Structure formats: structure tokens, C-alpha cells
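Chemist: Dropping in structure_35.pdb, which is PDB, C-alpha atoms:
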ATOM      1  CA  MET A 648      11.415   1.600   2.490
ATOM      2  CA  ASN A 649       9.356   4.777   2.464
ATOM      3  CA  LYS A 650      10.226   4.863   6.145
ATOM      4  CA  PRO A 651       7.494   4.558   8.770
ATOM      5  CA  LEU A 652       7.298   7.692  10.867
ATOM      6  CA  VAL A 653       7.304   7.967  14.625
ATOM      7  CA  GLY A 654       3.578   8.638  14.642
ATOM      8  CA  ALA A 655       0.953  11.290  14.519
ATOM      9  CA  PHE A 656       2.935  13.271  17.098
ATOM     10  CA  LEU A 657       5.532  14.025  14.447
ATOM     11  CA  ALA A 658       2.931  15.427  12.077
ATOM     12  CA  ALA A 659       1.466  17.558  14.842
ATOM     13  CA  LEU A 660       4.926  18.790  15.789
ATOM     14  CA  LEU A 661       5.722  19.738  12.207
ATOM     15  CA  LEU A 662       2.474  21.578  11.734
ATOM     16  CA  GLY A 663       2.718  23.269  15.118
ATOM     17  CA  ALA A 664       6.141  24.578  14.195
ATOM     18  CA  GLY A 665       4.758  26.021  10.988
ATOM     19  CA  VAL A 666       6.446  23.464   8.739
ATOM     20  CA  ALA A 667       3.690  21.792   6.768
ATOM     21  CA  PRO A 668       4.174  18.570   4.789
ATOM     22  CA  ALA A 669       5.176  19.202   1.189
ATOM     23  CA  VAL A 670       1.766  19.203  -0.466
ATOM     24  CA  ALA A 671       1.664  20.049  -4.143
ATOM     25  CA  ALA A 672      -2.070  20.645  -4.390
ATOM     26  CA  GLU A 673      -5.279  20.487  -2.420
ATOM     27  CA  PRO A 674      -6.940  17.032  -2.382
ATOM     28  CA  ALA A 675      -9.831  18.022  -4.650
ATOM     29  CA  GLN A 676      -7.464  19.621  -7.152
ATOM     30  CA  GLN A 677      -5.208  16.561  -7.108
ATOM     31  CA  ALA A 678      -8.149  14.258  -7.780
ATOM     32  CA  GLN A 679      -9.219  16.377 -10.736
ATOM     33  CA  GLU A 680      -5.674  16.384 -12.124
ATOM     34  CA  ALA A 681      -5.445  12.602 -11.785
ATOM     35  CA  ALA A 682      -8.750  12.123 -13.602
ATOM     36  CA  SER A 683      -7.733  14.523 -16.360
ATOM     37  CA  LYS A 684      -4.423  12.692 -16.794
ATOM     38  CA  ALA A 685      -6.107   9.316 -17.131
ATOM     39  CA  GLY A 686      -8.707  10.448 -19.654
ATOM     40  CA  PRO A 687     -12.357  11.488 -19.729
ATOM     41  CA  GLU A 688     -13.694   8.067 -18.686
ATOM     42  CA  ALA A 689     -11.457   7.741 -15.635
ATOM     43  CA  LYS A 690     -12.880   7.905 -12.138
ATOM     44  CA  ALA A 691     -11.541  10.692  -9.946
ATOM     45  CA  VAL A 692      -9.314   9.164  -7.271
ATOM     46  CA  THR A 693     -10.097  10.512  -3.801
ATOM     47  CA  PHE A 694      -9.095   9.642  -0.236
ATOM     48  CA  ALA A 695     -12.350   7.786   0.474
ATOM     49  CA  GLY A 696     -11.492   4.419   1.986
ATOM     50  CA  THR A 697      -7.895   5.278   2.814
ATOM     51  CA  VAL A 698      -6.683   5.243   6.403
ATOM     52  CA  ALA A 699      -3.917   6.803   8.479
ATOM     53  CA  LEU A 700      -1.875   4.558  10.745
ATOM     54  CA  SER A 701       0.336   5.828  13.549
ATOM     55  CA  ASN A 702       3.377   5.588  11.290
ATOM     56  CA  CYS A 703       2.163   4.763   7.771
ATOM     57  CA  SER A 704      -0.706   4.871   5.295
ATOM     58  CA  GLY A 705      -3.236   2.216   4.355
ATOM     59  CA  SER A 706      -6.677   1.502   2.963
ATOM     60  CA  VAL A 707      -9.836  -0.505   3.582
ATOM     61  CA  VAL A 708      -9.898  -3.117   0.845
ATOM     62  CA  ARG A 709     -12.132  -5.967  -0.257
ATOM     63  CA  SER A 710     -11.962  -8.813  -2.718
ATOM     64  CA  PRO A 711     -14.572  -8.845  -5.493
ATOM     65  CA  ASP A 712     -16.390 -11.708  -3.731
ATOM     66  CA  ALA A 713     -16.487 -10.109  -0.277
ATOM     67  CA  ALA A 714     -19.887 -10.079   1.443
ATOM     68  CA  PRO A 715     -21.197  -6.925   3.164
ATOM     69  CA  THR A 716     -21.230  -8.846   6.453
ATOM     70  CA  ASP A 717     -17.547  -9.859   6.204
ATOM     71  CA  PRO A 718     -15.067  -8.191   8.567
ATOM     72  CA  ALA A 719     -13.349  -5.321   6.758
ATOM     73  CA  LEU A 720      -9.663  -5.684   5.889
ATOM     74  CA  VAL A 721      -7.058  -2.915   6.079
ATOM     75  CA  LEU A 722      -4.086  -3.134   3.708
ATOM     76  CA  SER A 723      -0.670  -1.646   4.475
ATOM     77  CA  ASN A 724       3.005  -2.717   4.359
ATOM     78  CA  GLY A 725       4.695  -5.492   6.257
ATOM     79  CA  HIS A 726       7.290  -2.975   7.412
ATOM     80  CA  CYS A 727       4.490  -0.906   8.982
ATOM     81  CA  LEU A 728       3.511  -3.604  11.489
ATOM     82  CA  GLU A 729       3.478  -2.485  15.122
ATOM     83  CA  SER A 730       5.665  -5.478  15.966
ATOM     84  CA  GLY A 731       8.493  -4.194  13.754
ATOM     85  CA  PHE A 732       9.993  -5.385  10.476
ATOM     86  CA  PRO A 733       9.457  -9.116   9.826
ATOM     87  CA  GLY A 734      12.744 -10.842   9.089
ATOM     88  CA  PRO A 735      13.535 -12.477   5.738
ATOM     89  CA  GLY A 736      11.444 -15.617   5.458
ATOM     90  CA  GLU A 737       9.138 -14.588   8.305
ATOM     91  CA  VAL A 738       5.382 -14.755   7.705
ATOM     92  CA  ILE A 739       2.879 -13.610  10.343
ATOM     93  CA  VAL A 740      -0.617 -15.110  10.345
ATOM     94  CA  ASP A 741      -3.551 -14.557  12.737
ATOM     95  CA  GLN A 742      -1.688 -12.550  15.364
ATOM     96  CA  PRO A 743      -3.898 -10.612  17.818
ATOM     97  CA  SER A 744      -3.851  -6.843  17.370
ATOM     98  CA  SER A 745      -5.763  -3.882  18.774
ATOM     99  CA  ARG A 746      -4.287  -1.328  16.389
ATOM    100  CA  THR A 747      -6.479   1.590  15.331
ATOM    101  CA  PHE A 748      -6.834   3.340  11.981
ATOM    102  CA  THR A 749      -8.254   6.773  11.163
ATOM    103  CA  LEU A 750     -10.734   6.388   8.304
ATOM    104  CA  LEU A 751     -10.759   9.210   5.755
ATOM    105  CA  ASN A 752     -13.511  10.520   3.504
ATOM    106  CA  ALA A 753     -13.137  11.731  -0.073
ATOM    107  CA  SER A 754     -11.672  15.107   0.928
ATOM    108  CA  GLY A 755      -9.169  13.567   3.344
ATOM    109  CA  SER A 756     -10.955  14.383   6.579
ATOM    110  CA  GLY A 757     -10.967  11.818   9.364
ATOM    111  CA  VAL A 758     -14.509  10.566   9.915
ATOM    112  CA  GLY A 759     -14.025   7.693  12.338
ATOM    113  CA  THR A 760     -11.732   5.138  13.920
ATOM    114  CA  LEU A 761     -11.495   1.502  12.910
ATOM    115  CA  LYS A 762      -9.991  -1.094  15.235
ATOM    116  CA  ALA A 763      -8.124  -4.241  14.342
ATOM    117  CA  SER A 764      -8.960  -7.604  15.845
ATOM    118  CA  LYS A 765      -5.848  -9.238  14.439
ATOM    119  CA  ILE A 766      -3.027  -9.133  11.941
ATOM    120  CA  ALA A 767      -4.500 -11.525   9.410
ATOM    121  CA  TYR A 768      -1.279 -11.620   7.376
ATOM    122  CA  GLY A 769       2.050  -9.852   7.269
ATOM    123  CA  THR A 770       5.423 -10.385   5.596
ATOM    124  CA  MET A 771       8.385  -8.712   3.933
ATOM    125  CA  THR A 772       9.342 -11.841   1.988
ATOM    126  CA  ASP A 773       8.741 -11.709  -1.797
ATOM    127  CA  THR A 774       6.370  -8.808  -1.109
ATOM    128  CA  ASP A 775       5.870  -6.148   1.565
ATOM    129  CA  LEU A 776       2.322  -6.163   2.863
ATOM    130  CA  SER A 777       0.114  -6.483   5.881
ATOM    131  CA  LEU A 778      -3.594  -7.224   6.129
ATOM    132  CA  TYR A 779      -5.467  -6.404   9.311
ATOM    133  CA  GLU A 780      -8.891  -7.829  10.074
ATOM    134  CA  THR A 781     -11.029  -5.186  11.773
ATOM    135  CA  THR A 782     -13.900  -5.389  14.236
ATOM    136  CA  SER A 783     -16.229  -3.681  11.734
ATOM    137  CA  THR A 784     -17.929  -5.210   8.733
ATOM    138  CA  TYR A 785     -17.960  -3.568   5.315
ATOM    139  CA  GLN A 786     -21.652  -2.841   5.748
ATOM    140  CA  GLN A 787     -21.137  -1.250   9.171
ATOM    141  CA  ILE A 788     -18.483   1.073   7.760
ATOM    142  CA  GLU A 789     -20.704   2.076   4.870
ATOM    143  CA  ASP A 790     -23.736   2.594   7.128
ATOM    144  CA  SER A 791     -21.784   4.613   9.693
ATOM    145  CA  TYR A 792     -19.588   6.703   7.420
ATOM    146  CA  GLY A 793     -20.946   6.365   3.889
ATOM    147  CA  ILE A 794     -17.603   4.973   2.712
ATOM    148  CA  GLN A 795     -17.104   1.889   0.592
ATOM    149  CA  ALA A 796     -13.979  -0.250   0.649
ATOM    150  CA  LEU A 797     -11.582  -0.083  -2.283
ATOM    151  CA  GLU A 798     -11.804  -3.138  -4.505
ATOM    152  CA  LEU A 799      -8.692  -5.197  -5.201
ATOM    153  CA  GLU A 800      -7.847  -5.814  -8.854
ATOM    154  CA  THR A 801      -7.599  -9.505  -9.721
ATOM    155  CA  ALA A 802      -5.290  -9.231 -12.751
ATOM    156  CA  HIS A 803      -1.621  -8.345 -13.131
ATOM    157  CA  PRO A 804      -1.332  -4.614 -13.961
ATOM    158  CA  THR A 805       0.228  -3.418 -17.196
ATOM    159  CA  ALA A 806       3.007  -0.971 -17.948
ATOM    160  CA  GLY A 807       1.793   2.484 -18.951
ATOM    161  CA  THR A 808      -1.240   2.391 -16.657
ATOM    162  CA  ALA A 809      -2.053   5.754 -15.097
ATOM    163  CA  ILE A 810      -2.052   5.408 -11.311
ATOM    164  CA  THR A 811      -2.516   7.420  -8.147
ATOM    165  CA  VAL A 812      -0.774   6.727  -4.835
ATOM    166  CA  ALA A 813      -3.122   7.986  -2.095
ATOM    167  CA  SER A 814      -1.451   8.567   1.278
ATOM    168  CA  GLY A 815      -3.826   8.651   4.221
ATOM    169  CA  TYR A 816      -1.005   9.670   6.567
ATOM    170  CA  TRP A 817      -0.097  12.863   4.700
ATOM    171  CA  LYS A 818      -3.483  13.310   2.979
ATOM    172  CA  ARG A 819      -1.582  13.698  -0.256
ATOM    173  CA  THR A 820      -1.807  12.005  -3.637
ATOM    174  CA  TYR A 821       0.883  11.280  -6.223
ATOM    175  CA  SER A 822      -0.007  10.749  -9.882
ATOM    176  CA  CYS A 823       2.200   8.970 -12.433
ATOM    177  CA  ASP A 824       2.284   5.820 -14.588
ATOM    178  CA  ILE A 825       3.496   2.291 -14.089
ATOM    179  CA  ASP A 826       6.903   2.411 -15.751
ATOM    180  CA  GLY A 827       7.502  -1.332 -15.635
ATOM    181  CA  PHE A 828       8.136  -4.329 -13.409
ATOM    182  CA  VAL A 829      11.219  -5.502 -11.555
ATOM    183  CA  HIS A 830      12.237  -9.161 -11.502
ATOM    184  CA  GLN A 831      13.799  -8.784  -8.057
ATOM    185  CA  LEU A 832      13.974  -5.650  -5.930
ATOM    186  CA  LYS A 833      16.625  -5.942  -3.211
ATOM    187  CA  GLU A 834      16.838  -3.651  -0.186
ATOM    188  CA  GLY A 835      19.080  -4.504   2.726
ATOM    189  CA  ARG A 836      18.096  -7.975   3.949
ATOM    190  CA  TRP A 837      14.890  -8.178   1.934
ATOM    191  CA  THR A 838      14.045  -9.258  -1.615
ATOM    192  CA  TRP A 839      10.737  -8.546  -3.357
ATOM    193  CA  LYS A 840       9.533 -10.090  -6.606
ATOM    194  CA  ASP A 841       7.793  -8.576  -9.643
ATOM    195  CA  SER A 842       7.675  -5.123  -8.049
ATOM    196  CA  VAL A 843       5.966  -2.141  -9.675
ATOM    197  CA  ARG A 844       8.298   0.686 -10.733
ATOM    198  CA  TYR A 845       6.771   4.175 -11.012
ATOM    199  CA  THR A 846       7.623   6.833 -13.536
ATOM    200  CA  PRO A 847       9.575   9.693 -11.886
ATOM    201  CA  GLU A 848       6.523  11.850 -11.148
ATOM    202  CA  CYS A 849       5.575   9.775  -8.084
ATOM    203  CA  GLN A 850       8.049  11.160  -5.544
ATOM    204  CA  THR A 851       6.670   9.380  -2.501
ATOM    205  CA  ILE A 852       8.109  10.127   0.951
ATOM    206  CA  GLY A 853       8.295   8.648   4.444
ATOM    207  CA  GLY A 854       4.802   8.020   5.783
ATOM    208  CA  THR A 855       3.413   7.085   2.359
ATOM    209  CA  SER A 856       4.350   3.460   3.047
ATOM    210  CA  GLY A 857       1.272   1.267   2.757
ATOM    211  CA  SER A 858      -0.643   3.676   0.510
ATOM    212  CA  PRO A 859      -2.930   2.014  -2.032
ATOM    213  CA  VAL A 860      -1.814   2.306  -5.644
ATOM    214  CA  ILE A 861      -5.024   2.915  -7.555
ATOM    215  CA  ASP A 862      -5.671   2.415 -11.263
ATOM    216  CA  ASP A 863      -7.062   5.780 -12.361
ATOM    217  CA  ALA A 864      -9.333   4.182 -14.984
ATOM    218  CA  THR A 865     -10.968   1.556 -12.766
ATOM    219  CA  GLY A 866     -10.568   2.896  -9.236
ATOM    220  CA  LYS A 867      -9.244  -0.511  -8.156
ATOM    221  CA  VAL A 868      -6.147  -1.191  -6.039
ATOM    222  CA  VAL A 869      -3.328  -2.749  -8.073
ATOM    223  CA  ALA A 870      -0.436  -2.445  -5.608
ATOM    224  CA  VAL A 871       0.726  -1.125  -2.235
ATOM    225  CA  ASN A 872       3.380   1.594  -2.119
ATOM    226  CA  ASN A 873       6.511   0.601  -0.192
ATOM    227  CA  THR A 874       9.933   1.986  -1.090
ATOM    228  CA  GLY A 875      12.257   4.133  -3.175
ATOM    229  CA  ASN A 876      15.944   4.722  -3.826
ATOM    230  CA  GLU A 877      16.794   7.846  -1.851
ATOM    231  CA  SER A 878      20.500   8.486  -2.442
ATOM    232  CA  GLY A 879      21.733   6.266  -5.266
ATOM    233  CA  GLN A 880      23.313   3.582  -3.097
ATOM    234  CA  GLU A 881      23.140  -0.026  -4.228
ATOM    235  CA  CYS A 882      20.836  -2.512  -2.455
ATOM    236  CA  THR A 883      21.109  -0.836   0.971
ATOM    237  CA  ASP A 884      18.340   0.165   3.379
ATOM    238  CA  ASN A 885      16.232   2.904   1.734
ATOM    239  CA  ASN A 886      18.161   2.359  -1.505
ATOM    240  CA  PRO A 887      16.684  -0.664  -3.288
ATOM    241  CA  CYS A 888      18.337  -1.962  -6.434
ATOM    242  CA  GLU A 889      16.841  -3.840  -9.367
ATOM    243  CA  VAL A 890      18.141  -7.298 -10.269
ATOM    244  CA  ASP A 891      17.120  -8.836 -13.601
ATOM    245  CA  GLU A 892      16.813 -12.506 -14.576
ATOM    246  CA  ASN A 893      20.525 -12.633 -15.427
ATOM    247  CA  GLY A 894      21.662 -11.110 -12.138
ATOM    248  CA  ASN A 895      22.429  -7.683 -13.580
ATOM    249  CA  VAL A 896      21.987  -4.887 -11.026
ATOM    250  CA  THR A 897      20.514  -1.479 -11.837
ATOM    251  CA  VAL A 898      20.275   1.478  -9.449
ATOM    252  CA  ARG A 899      17.703   4.188 -10.149
ATOM    253  CA  GLU A 900      18.175   7.079  -7.746
ATOM    254  CA  GLY A 901      14.941   8.934  -6.965
ATOM    255  CA  ILE A 902      12.688   6.195  -8.353
ATOM    256  CA  ASN A 903       9.973   4.657  -6.192
ATOM    257  CA  TYR A 904       8.278   1.272  -6.095
ATOM    258  CA  ALA A 905       5.242  -0.722  -4.986
ATOM    259  CA  GLN A 906       4.262  -4.355  -4.487
ATOM    260  CA  GLN A 907       1.490  -5.902  -6.553
ATOM    261  CA  THR A 908      -1.663  -7.086  -4.810
ATOM    262  CA  TYR A 909      -3.538  -9.172  -7.414
ATOM    263  CA  ASN A 910      -1.813 -12.360  -6.219
ATOM    264  CA  MET A 911      -3.234 -12.028  -2.710
ATOM    265  CA  VAL A 912      -6.882 -11.879  -3.841
ATOM    266  CA  PRO A 913      -7.235 -15.678  -4.198
ATOM    267  CA  CYS A 914      -5.940 -16.010  -0.613
ATOM    268  CA  ILE A 915      -8.996 -14.197   0.806
ATOM    269  CA  GLY A 916     -11.833 -16.580   1.518
ATOM    270  CA  ALA A 917     -15.307 -16.292   2.982
ATOM    271  CA  GLY A 918     -15.541 -14.123   6.065
ATOM    272  CA  SER A 919     -12.321 -12.288   5.071
ATOM    273  CA  LYS A 920     -10.288 -15.270   6.269
ATOM    274  CA  ILE A 921      -6.797 -15.658   4.842
ATOM    275  CA  ASP A 922      -6.269 -19.179   3.501
ATOM    276  CA  LEU A 923      -2.795 -19.622   2.027
ATOM    277  CA  ASP A 924      -3.780 -23.033   0.627
ATOM    278  CA  ARG A 925      -6.554 -21.692  -1.596
ATOM    279  CA  GLU A 926      -6.103 -22.257  -5.319
ATOM    280  CA  GLY A 927      -4.187 -19.400  -6.943
ATOM    281  CA  CYS A 928      -2.941 -17.890  -3.684
ATOM    282  CA  GLY A 929       0.458 -16.342  -4.382
ATOM    283  CA  LEU A 930       1.497 -15.241  -0.907
ATOM    284  CA  PRO A 931       4.434 -16.808   0.958
ATOM    285  CA  LYS A 932       3.565 -19.299   3.676
ATOM    286  CA  PRO A 933       5.063 -19.516   7.183
TER     287      PRO A 933
END
In C-alpha cells, write the structure found in this file.
Modeler:
Amino acid sequence: MNKPLVGAFLAALLLGAGVAPAVAAEPAQQAQEAASKAGPEAKAVTFAGTVALSNCSGSVVRSPDAAPTDPALVLSNGHCLESGFPGPGEVIVDQPSSRTFTLLNASGSGVGTLKASKIAYGTMTDTDLSLYETTSTYQQIEDSYGIQALELETAHPTAGTAITVASGYWKRTYSCDIDGFVHQLKEGRWTWKDSVRYTPECQTIGGTSGSPVIDDATGKVVAVNNTGNESGQECTDNNPCEVDENGNVTVREGINYAQQTYNMVPCIGAGSKIDLDREGCGLPKP
């Protein structure tokens, strides 16, 4: 995994000691570079709608059918849950939570705090994601902060798509392409299916876990950033390996990955309620 960090205290300690996070460019410059890379019709990707967790990144997301009065959802990784890593086969649904999230504006400045009412869904089985239901509606967030939620894409992404990984924790973006898809991605005890593999330019780091992966052309979320092979080991913690349909194993040192999100859109019903029995829902059940 792109390891969760010990919290905001670590970032403050690093900055206080004069060691800043490795930032390649200022947020505005990064957004311009991402837009230029994707073409003249692409929307500039900013930090608006992303959030910083105590140990990870995330984003306020909505399905295309979400109503303004629905409770807002925050997307992150399953391995970023405050309760710790879910075990293989474990699925968490409707668990109370009072977690808070720092909401960012386009330039990456914190503009407010959102509070969870519950963990609506969380797992590390087949995918690595968490969805928090917050105490604020989409309309309340927009009225208070002028920030709209990021829309979830409903279709499977395609290889070659220009993407941006936007980390609310580090206030840093990473621009690259979708290199392809992995039949099974194995890391330690966990196995994920149909994972997104980035081209080498996206060198994500600890704390970027849970960042939205945004299609530069549409501005929609296509995946959630979650892991990378750090040292070339095979299928160990922090060193995922790729397994194809025939069981062949490939190790790609320095390559990073994400989990697709289109298959969770049908699971989101009216009022932002997660219904795993809805038609088309592709998320694992408890």
C-alpha cells in the first residue's frame, strides 16, 4: 500500500524541521501541466473537492444521480480506515464513525472540516476502498465553501487515458496515463481485481493512499489510488505483484496502482445509501 501515515503531526514535524514534502511544482502549475498534457479540451484538474485525512488522502464524491440534499460521501482506501486494515474477506457496512476530513479548495488550501456519521462501506477484498457518509449534504458543502463534489465515472476506464492523482494529504498532484489493467494484484494477504496500472510518471508516495484518480478530459473520478511496488519484492507488503489469467507473476518495481470505482456507482442509492443488492453493484458483500 501507499502506506497511511501517522497523521498530520508527521507533516507538521517534517515542515518544522525544514524538510518539506517532495513537491515537483506548485498546485496551479501542476494543474496547468496536467491540462496541457491531456489536450486543449481537457479540464484543469485542481484540488477542489479533495480532502486530507489524518493518515491518507480522499475526496468528496457523488454518483451522477445524487440529489443536492443527499448526505455527501467521502471516498478513500479500505486500508485508511481508522479501525485498521480489514482482513481478507472482511466487508464493513454502516459502522458508526466520527472521523473528520479537511476539505480543500482548488489551490489546495483547507477551507473547512467535514465530519463523518458512519463508514458506509469499507473493504480490502477484490478492491481497496472506503466510503464515509458525512453529516453535510452536497448542497450544504457547496453553499458553505463553493465546492462541488467530484463525479464518479460510470464506465470502465481505458488504457492510454491521461489521468491525475490528486493527494489532499500532501497537496500534490501526479500526472501520467493509464498503462493497463491487472487481472489480479496481490500484496501480502490481499488480492485486488482488475486494478489500474499507471505509467511510470506517477510516483505516488505514502499519504497519497485514497487519492482520487481523475480523468483529465472529463474531470470525473475513475479510480482510487492505493499501492505501488517499492523495492522489487514479489507479492509482499508494499510490493504488490501482478498475476495474469494463467497464473503468471510479474513484478514491476517502482510502478504504482489504483482500484477502479465505476463498479461501485450502481451500489449507491437514493440518500447516498449503499445497497449491495442493487442491480449492477460490483462490490463484495459481507
Chemist: Which residues fall under the PyMOL selection byres ((chain A and resi 717) around 12) in this file, as a ChimeraX atom specification?
Modeler: /A:708-710,712-716,718-720,780-788,796,915-920
Chemist: What is the distance, in Å and to one decimal place, between CA of Ser730 (chain A) and CA of Thr883 (chain A)?
Modeler: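 Separation of CA of Ser730 (chain A) and CA of Thr883 (chain A): 22.0 Å.
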Chemist: Decode the PyMOL selection byres ((chain A and resi 909) around 7) for the given file into explicit residues and return them as an NGL selection string.
Modeler: :A and (799-803 or 869 or 907-908 or 910-912)
Chemist: Would you save the residues from that selection as a PDB file, in the coordinates of the input, using C-alpha atoms?
Modeler:
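This is the output file selection-v1.pdb:
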ATOM      1  CA  LEU A 799      -8.692  -5.197  -5.201  1.00  0.00           C
ATOM      2  CA  GLU A 800      -7.847  -5.814  -8.854  1.00  0.00           C
ATOM      3  CA  THR A 801      -7.599  -9.505  -9.721  1.00  0.00           C
ATOM      4  CA  ALA A 802      -5.290  -9.231 -12.751  1.00  0.00           C
ATOM      5  CA  HIS A 803      -1.621  -8.345 -13.131  1.00  0.00           C
ATOM      6  CA  VAL A 869      -3.328  -2.749  -8.073  1.00  0.00           C
ATOM      7  CA  GLN A 907       1.490  -5.902  -6.553  1.00  0.00           C
ATOM      8  CA  THR A 908      -1.663  -7.086  -4.810  1.00  0.00           C
ATOM      9  CA  ASN A 910      -1.813 -12.360  -6.219  1.00  0.00           C
ATOM     10  CA  MET A 911      -3.234 -12.028  -2.710  1.00  0.00           C
ATOM     11  CA  VAL A 912      -6.882 -11.879  -3.841  1.00  0.00           C
TER      12      VAL A 912
END
Chemist: How would you write, as a list of chain:residue names, the residues chosen by the PyMOL selection byres ((chain A and resi 881) around 12) on this structure?
Modeler: A:Leu832, A:Lys833, A:Glu834, A:Gly835, A:Gly875, A:Asn876, A:Glu877, A:Ser878, A:Gly879, A:Gln880, A:Cys882, A:Thr883, A:Asp884, A:Asn885, A:Asn886, A:Pro887, A:Cys888, A:Glu889, A:Val890, A:Val896, A:Thr897, A:Val898, A:Arg899, A:Glu900
Chemist: Could you check which of A:Ser842, A:Asn702, A:Thr693, A:Gln742 is closest to Asp775 (chain A), using only C-alpha atoms?
Modeler: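 Selected residue with least distance to Asp775 (chain A): A:Ser842.
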Chemist: Using Å and a single decimal, report how far CA of Val871 (chain A) sits from CA of Val707 (chain A).
Modeler: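 CA of Val871 (chain A) lies 12.1 Å from CA of Val707 (chain A).
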Chemist: Using 8 Å as the limit and counting only C-alpha atoms, can you tabulate each residue of region 805-838 of chain A that touches region 848-851 of chain A, with its shortest atom-to-atom distance in Å and the two atoms involved, as a Markdown table?
Modeler:
| residue | atom | partner | partner_atom | distance |
| --- | --- | --- | --- | --- |
| A:Val812 | CA | A:Cys849 | CA | 7.8 |
| A:Tyr821 | CA | A:Cys849 | CA | 5.3 |
| A:Ser822 | CA | A:Cys849 | CA | 5.9 |
| A:Cys823 | CA | A:Glu848 | CA | 5.4 |
Chemist: May I have the residues at most 7 Å from (-6.0, 1.2, 1.8) in the file's coordinates, counting all atoms listed in the file, as number ranges by chain?
Modeler: A: 696-698, 705-708, 721-723, 858-859
Chemist: How would you write as JSON, numbers by chain the residues that get within 10 Å of (-9.7, 9.1, 7.4) in the file's frame, counting only C-alpha atoms?
Modeler: {"A": [694, 695, 696, 697, 698, 699, 700, 705, 706, 748, 749, 750, 751, 752, 753, 754, 755, 756, 757, 758, 759, 760, 761, 815, 816, 818]}
Chemist: Please put the answer as JSON: centre and edge lengths, in Å with one decimal, of a box along x, y and z that encloses all listed atoms of region 699-710 of chain A plus 6 Å on each side.
Modeler:
{"center_x": -4.4, "center_y": -1.0, "center_z": 5.4, "size_x": 27.5, "size_y": 27.6, "size_z": 28.3}
Chemist: Can you work out the spacing between CA of Gly725 (chain A) and CA of Tyr768 (chain A) in Å, to one decimal?
Modeler: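 Answer for the CA of Gly725 (chain A) to CA of Tyr768 (chain A) separation: 8.6 Å.
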Chemist: Which residue, A:Pro804, A:Pro651, A:Gly853, A:Gly731, has the smallest gap to Asp841 (chain A) when you use all atoms listed in the file?
Modeler: A:Pro804
Chemist: Under the rule that only C-alpha atoms are counted, which of A:Ser814, A:Leu778, A:Ser704, A:Arg836 is the nearest residue to Phe732 (chain A)?
Modeler: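 So, comparing all the options, the nearest one is A:Arg836.
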Chemist: Need the shell around Pro933 (chain A): protein/DNA/RNA residues with any atom at most 10 Å away, counting only C-alpha atoms. Skip same-chain ones fewer than 4 positions apart. Format as an MDAnalysis selection string?
Modeler: chainID A and resid 736:740 770 923
Chemist: Got time to write the residues from that selection, C-alpha atoms, as an mmCIF file, in the coordinates of the input?
Modeler:
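As written to disk, again_34.cif reads:
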data_model
loop_
_atom_site.group_PDB
_atom_site.id
_atom_site.type_symbol
_atom_site.label_atom_id
_atom_site.label_comp_id
_atom_site.auth_asym_id
_atom_site.auth_seq_id
_atom_site.Cartn_x
_atom_site.Cartn_y
_atom_site.Cartn_z
ATOM 1 C CA GLY A 736 11.444 -15.617 5.458
ATOM 2 C CA GLU A 737 9.138 -14.588 8.305
ATOM 3 C CA VAL A 738 5.382 -14.755 7.705
ATOM 4 C CA ILE A 739 2.879 -13.610 10.343
ATOM 5 C CA VAL A 740 -0.617 -15.110 10.345
ATOM 6 C CA THR A 770 5.423 -10.385 5.596
ATOM 7 C CA LEU A 923 -2.795 -19.622 2.027
#
Chemist: Rank A:Thr808, A:Gln795, A:Asn724, A:Thr774 by their smallest atom-to-atom distance to Gln831 (chain A), using all atoms listed in the file, and report the top residue only.
Modeler: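 The closest residue to Gln831 (chain A) is A:Thr774.
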Chemist: Counting all atoms listed in the file, which of A:Asp826, A:Ser764, A:Arg746, A:Ile810 gets nearest to Val868 (chain A)?
Modeler: A:Ile810
Chemist: So, counting all atoms listed in the file, which residue among A:Ala691, A:Ile825, A:Lys840, A:Ala767 is closest to Ala864 (chain A)?
Modeler: A:Ala691
